[in-house]
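Q: Have a look at this one.
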Amino acid sequence: MNASRLTAATLQYVFLGVAAFLSLFPFFWMVISATNTSIDIIGGKTSFGGAFGTNVTNFFTLVDVPLVFWNSAKVAVLATLSTIIVSSLAGYGFEMFKSKARDRIYSLVLLTLMVPFAALMIPLFMMMAKTGLINTHVAIVLPTVASAFIIFYFRQSTKAFPTELRDAAKVDGLKEWQIFLYIYVPVMRSTYAAALVIVFMTNWNSYLWPLIVLQSNETKTITLVVSSLASAYYPDYGVVMIGTILATLPTLIIFFLMQRQFVQGMLGSVK
Amino acid sequence: MAAGKAGGLKRYHDLNGWLFIAPSILLISIFLVYPILRSLYLSFFSGKGMMMKFAGFGNVVRLSNDPVFLQALTNTITFFVVQVPIMIVLALLLAAVLNNDRLKFIGFFRTAIFLPCVASLVAYSVLFKSMFSVDGVVNQALLALHLTDAPIGWLTEPFWAKVLVILAITWRWTGYNMIFYLAALQNIDRSIYEAARIDGVPAWARFVYITVPMLKPVILFTTIISTIGTIQLFDEVYNLTEGRGSPANATLTLSLYIYNLTFRFMPSFGYAATISYVIVIMVALFSFLQFYAARDRS
């Protein structure tokens, strides 16, 4: 009995150990590679090298880092804030107000989850071209704001929102928007935190749509810049690695800052 | 009088409800419903650039005679049929093991395994590209462990390029799915497991007969989301394989083909729109099948 417990535990640790190693190795590789030359990286060198300074200098001469970072931050922050506001309003609305028409509309909204982006991109591109929004960050943000996935997530989480709170607030004479703003938002803050992590990551990392819309160097985001550096005929991997670190750092920071809230928010959504 | 008042209240609440959902409905109509209908309309036209003329079902005929399209379709189906089950099973196993609070370093393991999905899609494609080069770190490890006699051409041989894409997506998304399962598991009453353990139900049976059925709605949800994601695969194949789906179109996906038809070659919007409807039909079909399969078993 004891021996089988021990083997079970060992097996679990081995399984988790291998999984954690495989999960973390590319990050380790990214940091190691940032200090090596391109030739060393392609050759699979797994120890620190002395090329970090050169790689950083080369990256900063090739790329207008502040501008590119500003572009990425602008797109991600604008998209995240507007998505969270619009989707949480909808999640609250769909859960709190019951009517037959709304149930049907909600089913339609969920159905849009199935619409692949590839089927939208040509008409969206034509729309943006017609309205002169090509090469603007507004064109990146607008189509992402109403997200069926995030609306679904907020509605699921709203099911756990105590209706007594809402009723009490109503008795106190609060208007619906006041209940939303002063009671719902603070009570649901871990839901908001988890949504923030997911939406920020999605938008910071988004690639295909910006690739289509942002054609001038002045508007490009860091993901586009890293991709174009990496797709050169002879990419300088040392330089590219600096880019991948800079592209990954903001999402890593947001995740670690919000980790506790994120997990709580996820727990609320699957109840 | 009372009825009139109640009716007025109801109308007031209804109006409020509409106001809360109005912004999303408006945006979804403009940026989702309109474009998808517009795509359907476009799919009946053919021509280059803005010179388009009505072609009826001409594009569908062209599809059936286009070897590149058939290749992209086969690749896309291969990716999702192979990758989604591997990832879902792996994520479930990891979640089941990580649900045990008595294990040491549990926080570390949870974070470590979730971390890949924080990485930028482009960044990880670039990392995988360098790790899997001919003389790269992965081939060296495989050679050192005597798992292979000669370096594998991950980026140059069609078969291995497909394997690389599958490895990459699995690395990136397993932790993401695991978090949904882990969250769902935490909401399951522990006493069910305790009772089963006391009754002498072995660990694998607890997993198959308690965990999996309890998580069915979440599994269905993540499977559909993952299916949709894999059918739309673009970023990874674009960045891992030089934007063309090389070698020999082995990693060309439908989304990448649509992109190439629209933005790389001379734009043929109508034909590309037709292919985008192949994706719509696939997503609808597979989601329906998954719903059906999940319902059947209960």
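Every chain in the structure tokens takes a letter, A first, then B, and so on in the order presented; its residues are numbered from 1, and the ligands are numbered from 1 following the presented order.
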With a cut-off of 6 Å and counting only C-alpha atoms, select all residues of chain B in contact with chain A and give the selection as a ChimeraX atom specification.
A: /B:17,20-21,24,27-28,31,35-36,112-113,119-120,123,130,135-137,183-184,255,276
Q: Kindly give the distance, in Å, that separates atom CA of A:Ser216 and atom CA of B:Phe263, rounded to a single decimal.
A: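 If I compute the distance from atom CA of A:Ser216 to atom CA of B:Phe263, I get 15.1 Å.
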Q: Would you list, as a PyMOL selection string, the residues of stretch 106-253 of chain B that end up in alpha helix (DSSP H) under DSSP run on this structure's backbone?
A: chain B and resi 106-114+121-131+137-144+158-186+190-198+203-206+212-214+216-231+235-240
Q: Any idea what the distance is between atom CA of A:Leu78 and atom CA of B:Ile25?
A: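 According to the coordinates, atom CA of A:Leu78 and atom CA of B:Ile25 are separated by 19.3 Å.
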Q: For the atom pair atom CA of B:Leu127 and atom CA of A:Gly238, what is the interatomic distance in Å to one decimal place?
A: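 Between atom CA of B:Leu127 and atom CA of A:Gly238 the gap is 11.0 Å.
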Q: Residues near B:Thr211, anyone? I mean within 12 Å using only C-alpha atoms, not counting same-chain ones fewer than 6 positions away, as a list in words.
A: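 The residues satisfying every condition are Leu92, Leu93, Ala95, Ala96, Val97, Asn99, Tyr181, Leu182, Ala184, Leu185, Gln186, Asn187, Ile188, Asp189, Arg190, Ile192, Tyr193, Ala196, Ala203, Trp204, Ala205, Pro217, Val218 and Ile219 of chain B.
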